[in-house]
Amino acid sequence: MTSNLVSCWSGAACLALACSATAYGDDTRMEPILDLRLRAEQVDQAGLENTTAVTLRGRFGFQLQFLSGWSFLAEAEAVEHLGGDFSDTVNTIGGRAVVADPEAFELNRFQVSWAGETANLTLGRQRIVFDDARLVGNVGFRQNEQTFDAVRVGYTGMADIAMDYVYVGRVHRIFGDDSPMGEFESDSHIFRIGAETPAGEISASILLLDFENAPAASSQTYSLRWSESWTFEAGTLGATAQLALQDAYRGGGPASELGFQSVGATFTRGDITAFAGADVLEGSGGQAFSTPLATLHAFQGWADVFLTTPGQGLRDLSFGMRGRGVNIVSGAPAANWAVVYHDFESDNGSVSFGREFDAVFRVPVNDWLAVELKGARFEGEQPAFPDRTKIWLSIEANF
């Protein structure tokens with residue numbers, strides 16, 4: 001694995017130096033892709049040994065763009081373990097916590113696209129993120145990105161309205177090709193329509209998910225999302241709300257209808273934003289509202305305790321602050337930070353699951369290099385959810 005990784009990264013670096021923004025004739029342009037992330041992750045979880053994982057992730061490839069509106073993109077992804085004894089979801093080490101970054105060397109994206117004045121089309125293995133990634137995302141925090149073998153068609157021919165349809169034939173999940181659950185064999189449909197209105201931005205989504213090798217993750221979900229902001233002399237106030245209903249689809253998924261409700265508010269003054277939110281993922285009969293295609297790490301706490309919603313459902317009350325504009329490195333983009341607190345209960349509010357404190361500080365060194373320190377501390381109140389502390393130190397380079 002290491003020799004293959006070094007060879008591919010060396011080739012990618014040469015490509016970046018030799019072909020950067022190279023023009024090929026009057027109607028063709030090549031742009032290289034080189035994206036590296038070195039990360040150390042430490043996990044201290046009650047009942048398990050302290051675990052440290054050092055991993056290196058690289059994405060490398062190129063994109064050809066044509067004046068006719070067509071483009072072609074090819075991108076490989078490699079993940080290498082540089083140190084630490086940890087369970088990575090493919091290899092299990094007794095008594096060690098899970099760090100879901102297994103070694104991998106695979107085709108991450110391979111797509112042909114066309115973009116016209118009012119329509120667009122993408123065919124092949126691609127990255128798909130809708131709205132805030134609550135229902136469909138790429139799980140960008142983990143080293144192995146989630147991508148989709150799909151056909152995506154978009155239409156923007158009506159003023160302030162955008163429509164998308166996606167057929168998903170396969171989902172390449174973060175666990176990699178060597179994991180039994182590294183892929184969802186899919187016969188799924190996703191519909192989304194978004195509109196800018198005088199009352200705010202509104203989007204409606206329908207997910208008809210049918211996974212042949214994971215029927216429990218199948219479902220049909222109908223979602224409506226709204227967001228708006230208002231600017232005053234004192235600052236800017238923002239609000240979001242989302243409602244969703246989920247049921248069985250083609251014999252898979254929940255046995256009864258489940259709901260999801262989310263509300264949030266922000267207030268920004270200068271470089272500081274205060275925010276608060278409440279999410280309810282309903283549970284019934286041991287089953288709960290689920291989002292198998294979402295960027296799950298971004299929601300319900302960075303400690304990843306609730307990647308799978310408990311059978312009793314989940315209520316997450318959160319609040320925090322984030323800021324930007326901190327000048328750390330002269331001439332570099334400003335640093336940014338955030339702190340978040342979560343309180344977790346069961347769907348009916350009668351059982352407390354615990355609480356969590358999260359923090360992150362990100363420092364750009366220049367336009368292509370950044371360092372990030374991130375942490376999460378979860379304090380559980382039920383045996384099923386033990387205490388844990390996670391710390392990440394990352395160096396990212398994006399050319």
# chains A, B, ... in the order shown; residues from 1 in each chain; ligands from 1
>>> select_by_dssp(residues="range 84-331 of chain A", states="strand (DSSP E)", output="ChimeraX atom specification")
/A:104-115,119-126,147-155,161-172,183-197,200-209,219-231,236-247,258-269,272-281,283-284,287-288,314-326
>>> residues_around(residues="Thr240 in chain A", least_positions_apart="3", cutoff="7 Å", atoms="only C-alpha atoms", output="NGL selection string")
:A and (226-228 or 263-265)
>>> closest_atom_pairs(of="range 319-343 of chain A", to="range 268-278 of chain A", cutoff="8 Å", atoms="only C-alpha atoms", output="Markdown table")
| residue | atom | partner | partner_atom | distance |
| --- | --- | --- | --- | --- |
| A:Phe319 | CA | A:Ala276 | CA | 4.0 |
| A:Gly320 | CA | A:Phe275 | CA | 5.5 |
| A:Met321 | CA | A:Ala274 | CA | 4.4 |
| A:Arg322 | CA | A:Thr273 | CA | 5.3 |
| A:Gly323 | CA | A:Ile272 | CA | 4.5 |
| A:Arg324 | CA | A:Asp271 | CA | 5.4 |
| A:Gly325 | CA | A:Asp271 | CA | 6.2 |
>>> write_last_selection(atoms="N, CA and C atoms", output="compact mmCIF listing (two decimals), in the first residue's frame")
# COMPACT_ATOMS: atom_id res chain seq x y z
N PHE A 319 -26.37 24.69 21.47
CA PHE A 319 -26.11 26.12 21.30
C PHE A 319 -24.61 26.34 21.33
N GLY A 320 -24.17 27.46 20.78
CA GLY A 320 -22.74 27.72 20.74
C GLY A 320 -22.42 29.05 20.08
N MET A 321 -21.11 29.24 19.79
CA MET A 321 -20.64 30.44 19.12
C MET A 321 -19.55 30.06 18.13
N ARG A 322 -19.43 30.85 17.08
CA ARG A 322 -18.34 30.68 16.14
C ARG A 322 -17.84 32.06 15.71
N GLY A 323 -16.60 32.11 15.30
CA GLY A 323 -16.02 33.39 14.93
C GLY A 323 -15.01 33.24 13.81
N ARG A 324 -14.70 34.36 13.20
CA ARG A 324 -13.70 34.40 12.13
C ARG A 324 -12.99 35.74 12.23
N GLY A 325 -11.99 35.90 11.39
CA GLY A 325 -11.29 37.17 11.36
C GLY A 325 -10.09 37.25 12.29
>>> atom_distance(atom1="CA of Gly354 in chain A", atom2="CA of Asp85 in chain A")
28.0 Å
>>> residues_around(residues="range 118-120 of chain A", least_positions_apart="4", cutoff="6 Å", atoms="only C-alpha atoms", output="PyMOL selection string")
chain A and resi 114+153-157
>>> write_last_selection(atoms="C-alpha atoms", output="short mmCIF file (atom, residue, chain, number, x, y, z; two decimals), in the first residue's frame")
data_model
loop_
_atom_site.label_atom_id
_atom_site.label_comp_id
_atom_site.auth_asym_id
_atom_site.auth_seq_id
_atom_site.Cartn_x
_atom_site.Cartn_y
_atom_site.Cartn_z
CA TRP A 114 -22.57 18.86 -19.33
CA VAL A 153 -30.06 15.92 -13.99
CA GLY A 154 -30.64 19.56 -13.04
CA TYR A 155 -32.91 22.27 -14.43
CA THR A 156 -32.74 26.02 -13.70
CA GLY A 157 -34.93 27.35 -16.51
#
>>> closest_residue(among="A:Val79, A:Leu207, A:Ala303, A:Ala248", to="Gly380 in chain A", atoms="only C-alpha atoms")
A:Ala303
>>> residues_around(residues="Ser188 in chain A", least_positions_apart="5", cutoff="12 Å", atoms="only C-alpha atoms", output="PDB file with N, CA and C atoms, in the first residue's frame")
ATOM      1  N   PHE A 148     -21.082   8.630  -5.150  1.00  0.00           N
ATOM      2  CA  PHE A 148     -22.251   7.929  -5.677  1.00  0.00           C
ATOM      3  C   PHE A 148     -22.058   7.580  -7.155  1.00  0.00           C
ATOM      4  N   ASP A 149     -22.358   6.342  -7.527  1.00  0.00           N
ATOM      5  CA  ASP A 149     -22.515   5.990  -8.938  1.00  0.00           C
ATOM      6  C   ASP A 149     -23.931   6.386  -9.316  1.00  0.00           C
ATOM      7  N   ALA A 150     -24.060   7.440 -10.101  1.00  0.00           N
ATOM      8  CA  ALA A 150     -25.371   8.048 -10.246  1.00  0.00           C
ATOM      9  C   ALA A 150     -25.501   8.784 -11.568  1.00  0.00           C
ATOM     10  N   VAL A 151     -26.748   9.080 -11.901  1.00  0.00           N
ATOM     11  CA  VAL A 151     -27.093  10.010 -12.967  1.00  0.00           C
ATOM     12  C   VAL A 151     -27.818  11.177 -12.314  1.00  0.00           C
ATOM     13  N   TYR A 165     -32.885  15.828 -10.155  1.00  0.00           N
ATOM     14  CA  TYR A 165     -33.268  14.424 -10.016  1.00  0.00           C
ATOM     15  C   TYR A 165     -31.984  13.601 -10.062  1.00  0.00           C
ATOM     16  N   VAL A 166     -31.870  12.620  -9.160  1.00  0.00           N
ATOM     17  CA  VAL A 166     -30.704  11.744  -9.114  1.00  0.00           C
ATOM     18  C   VAL A 166     -31.167  10.301  -9.048  1.00  0.00           C
ATOM     19  N   TYR A 167     -30.623   9.487  -9.946  1.00  0.00           N
ATOM     20  CA  TYR A 167     -30.782   8.039  -9.812  1.00  0.00           C
ATOM     21  C   TYR A 167     -29.462   7.492  -9.282  1.00  0.00           C
ATOM     22  N   VAL A 168     -29.515   6.755  -8.167  1.00  0.00           N
ATOM     23  CA  VAL A 168     -28.318   6.226  -7.514  1.00  0.00           C
ATOM     24  C   VAL A 168     -28.258   4.717  -7.714  1.00  0.00           C
ATOM     25  N   GLY A 169     -27.224   4.252  -8.404  1.00  0.00           N
ATOM     26  CA  GLY A 169     -27.039   2.821  -8.633  1.00  0.00           C
ATOM     27  C   GLY A 169     -26.160   2.163  -7.599  1.00  0.00           C
ATOM     28  N   ARG A 170     -25.297   2.950  -6.960  1.00  0.00           N
ATOM     29  CA  ARG A 170     -24.401   2.404  -5.926  1.00  0.00           C
ATOM     30  C   ARG A 170     -23.875   3.553  -5.074  1.00  0.00           C
ATOM     31  N   VAL A 171     -23.724   3.287  -3.769  1.00  0.00           N
ATOM     32  CA  VAL A 171     -23.169   4.258  -2.846  1.00  0.00           C
ATOM     33  C   VAL A 171     -21.839   3.723  -2.338  1.00  0.00           C
ATOM     34  N   ILE A 206     -37.449  14.488  -1.869  1.00  0.00           N
ATOM     35  CA  ILE A 206     -38.009  13.146  -1.747  1.00  0.00           C
ATOM     36  C   ILE A 206     -36.870  12.157  -1.948  1.00  0.00           C
ATOM     37  N   LEU A 207     -36.673  11.267  -0.987  1.00  0.00           N
ATOM     38  CA  LEU A 207     -35.668  10.224  -1.080  1.00  0.00           C
ATOM     39  C   LEU A 207     -36.371   8.873  -1.073  1.00  0.00           C
ATOM     40  N   LEU A 208     -36.265   8.146  -2.176  1.00  0.00           N
ATOM     41  CA  LEU A 208     -36.795   6.787  -2.284  1.00  0.00           C
ATOM     42  C   LEU A 208     -35.602   5.849  -2.335  1.00  0.00           C
ATOM     43  N   LEU A 209     -35.214   5.323  -1.177  1.00  0.00           N
ATOM     44  CA  LEU A 209     -33.964   4.585  -1.034  1.00  0.00           C
ATOM     45  C   LEU A 209     -34.231   3.091  -0.942  1.00  0.00           C
ATOM     46  N   ASP A 210     -33.651   2.354  -1.876  1.00  0.00           N
ATOM     47  CA  ASP A 210     -33.783   0.898  -1.914  1.00  0.00           C
ATOM     48  C   ASP A 210     -32.376   0.317  -2.013  1.00  0.00           C
ATOM     49  N   PHE A 211     -31.892  -0.267  -0.903  1.00  0.00           N
ATOM     50  CA  PHE A 211     -30.558  -0.848  -0.852  1.00  0.00           C
ATOM     51  C   PHE A 211     -30.682  -2.365  -0.774  1.00  0.00           C
ATOM     52  N   GLU A 212     -30.262  -3.039  -1.809  1.00  0.00           N
ATOM     53  CA  GLU A 212     -30.435  -4.495  -1.899  1.00  0.00           C
ATOM     54  C   GLU A 212     -29.718  -5.224  -0.779  1.00  0.00           C
ATOM     55  N   ALA A 217     -31.696  -0.187   6.004  1.00  0.00           N
ATOM     56  CA  ALA A 217     -31.378   1.219   5.748  1.00  0.00           C
ATOM     57  C   ALA A 217     -32.256   1.821   4.661  1.00  0.00           C
ATOM     58  N   SER A 218     -33.064   1.013   4.003  1.00  0.00           N
ATOM     59  CA  SER A 218     -33.963   1.520   2.970  1.00  0.00           C
ATOM     60  C   SER A 218     -35.110   2.298   3.607  1.00  0.00           C
ATOM     61  N   SER A 219     -35.682   3.232   2.852  1.00  0.00           N
ATOM     62  CA  SER A 219     -36.801   4.015   3.368  1.00  0.00           C
ATOM     63  C   SER A 219     -37.269   4.980   2.292  1.00  0.00           C
ATOM     64  N   GLN A 220     -38.428   5.582   2.526  1.00  0.00           N
ATOM     65  CA  GLN A 220     -38.861   6.724   1.734  1.00  0.00           C
ATOM     66  C   GLN A 220     -39.031   7.909   2.682  1.00  0.00           C
ATOM     67  N   THR A 221     -38.429   9.044   2.312  1.00  0.00           N
ATOM     68  CA  THR A 221     -38.409  10.218   3.172  1.00  0.00           C
ATOM     69  C   THR A 221     -38.870  11.429   2.379  1.00  0.00           C
ATOM     70  N   TYR A 249     -40.037   1.399   2.455  1.00  0.00           N
ATOM     71  CA  TYR A 249     -40.017   1.502   0.998  1.00  0.00           C
ATOM     72  C   TYR A 249     -39.596   0.158   0.414  1.00  0.00           C
ATOM     73  N   ARG A 250     -40.439  -0.398  -0.433  1.00  0.00           N
ATOM     74  CA  ARG A 250     -40.187  -1.697  -1.075  1.00  0.00           C
ATOM     75  C   ARG A 250     -39.849  -2.774  -0.050  1.00  0.00           C
ATOM     76  N   LEU A 293     -27.617   8.444   3.997  1.00  0.00           N
ATOM     77  CA  LEU A 293     -26.775   9.105   2.990  1.00  0.00           C
ATOM     78  C   LEU A 293     -26.250  10.448   3.470  1.00  0.00           C
TER      79      LEU A 293
END
>>> atom_distance(atom1="CA of Val360 in chain A", atom2="CA of Val43 in chain A")
16.0 Å
>>> residues_around(residues="Met181 in chain A", least_positions_apart="6", cutoff="10 Å", atoms="only C-alpha atoms", output="list in words")
Thr89, Val90, His172, Arg173, Ile174, Phe175, Asn213 and Ala214 of chain A
>>> write_last_selection(atoms="N, CA and C atoms", output="CSV table (one decimal), in the first residue's frame")
chain,number,residue,atom,x,y,z
A,89,THR,N,-13.0,-0.4,11.2
A,89,THR,CA,-14.2,-0.9,10.7
A,89,THR,C,-14.0,-2.1,9.7
A,90,VAL,N,-12.8,-2.3,9.2
A,90,VAL,CA,-12.4,-3.4,8.4
A,90,VAL,C,-11.6,-4.4,9.2
A,172,HIS,N,-20.8,4.5,-2.6
A,172,HIS,CA,-19.4,4.1,-2.1
A,172,HIS,C,-19.2,4.8,-0.7
A,173,ARG,N,-19.4,4.1,0.3
A,173,ARG,CA,-19.4,4.6,1.7
A,173,ARG,C,-18.0,4.8,2.2
A,174,ILE,N,-17.9,5.4,3.4
A,174,ILE,CA,-16.6,5.8,4.0
A,174,ILE,C,-15.8,4.5,4.4
A,175,PHE,N,-16.4,3.4,4.5
A,175,PHE,CA,-15.7,2.2,5.0
A,175,PHE,C,-14.9,1.5,4.0
A,213,ASN,N,-28.5,-4.8,-0.4
A,213,ASN,CA,-27.7,-5.5,0.6
A,213,ASN,C,-27.9,-4.9,2.0
A,214,ALA,N,-28.7,-3.9,2.1
A,214,ALA,CA,-29.0,-3.3,3.4
A,214,ALA,C,-30.4,-2.8,3.5
>>> closest_residue(among="A:Gly200, A:Pro364, A:Leu121, A:Glu372", to="Ala338 in chain A", atoms="only C-alpha atoms")
A:Glu372
>>> residues_around(residues="Ala376 in chain A", least_positions_apart="4", cutoff="8 Å", atoms="only C-alpha atoms", output="NGL selection string")
:A and (301-303 or 356-359 or 389-391)
>>> write_last_selection(atoms="C-alpha atoms", output="mmCIF file, in the first residue's frame")
data_model
loop_
_atom_site.group_PDB
_atom_site.id
_atom_site.type_symbol
_atom_site.label_atom_id
_atom_site.label_comp_id
_atom_site.auth_asym_id
_atom_site.auth_seq_id
_atom_site.Cartn_x
_atom_site.Cartn_y
_atom_site.Cartn_z
ATOM 1 C CA GLY A 301 -22.122 16.056 18.128
ATOM 2 C CA TRP A 302 -18.630 15.491 16.760
ATOM 3 C CA ALA A 303 -17.930 12.591 19.130
ATOM 4 C CA GLU A 356 -21.291 16.964 24.825
ATOM 5 C CA PHE A 357 -18.904 19.881 24.391
ATOM 6 C CA ASP A 358 -17.201 20.451 21.011
ATOM 7 C CA ALA A 359 -14.561 22.946 19.899
ATOM 8 C CA THR A 389 -13.024 12.227 24.408
ATOM 9 C CA LYS A 390 -11.803 12.688 20.841
ATOM 10 C CA ILE A 391 -9.071 15.028 19.622
#
>>> closest_residue(among="A:Asn138, A:Asn144, A:Thr197, A:Ser346", to="Ile161 in chain A", atoms="only C-alpha atoms")
A:Thr197
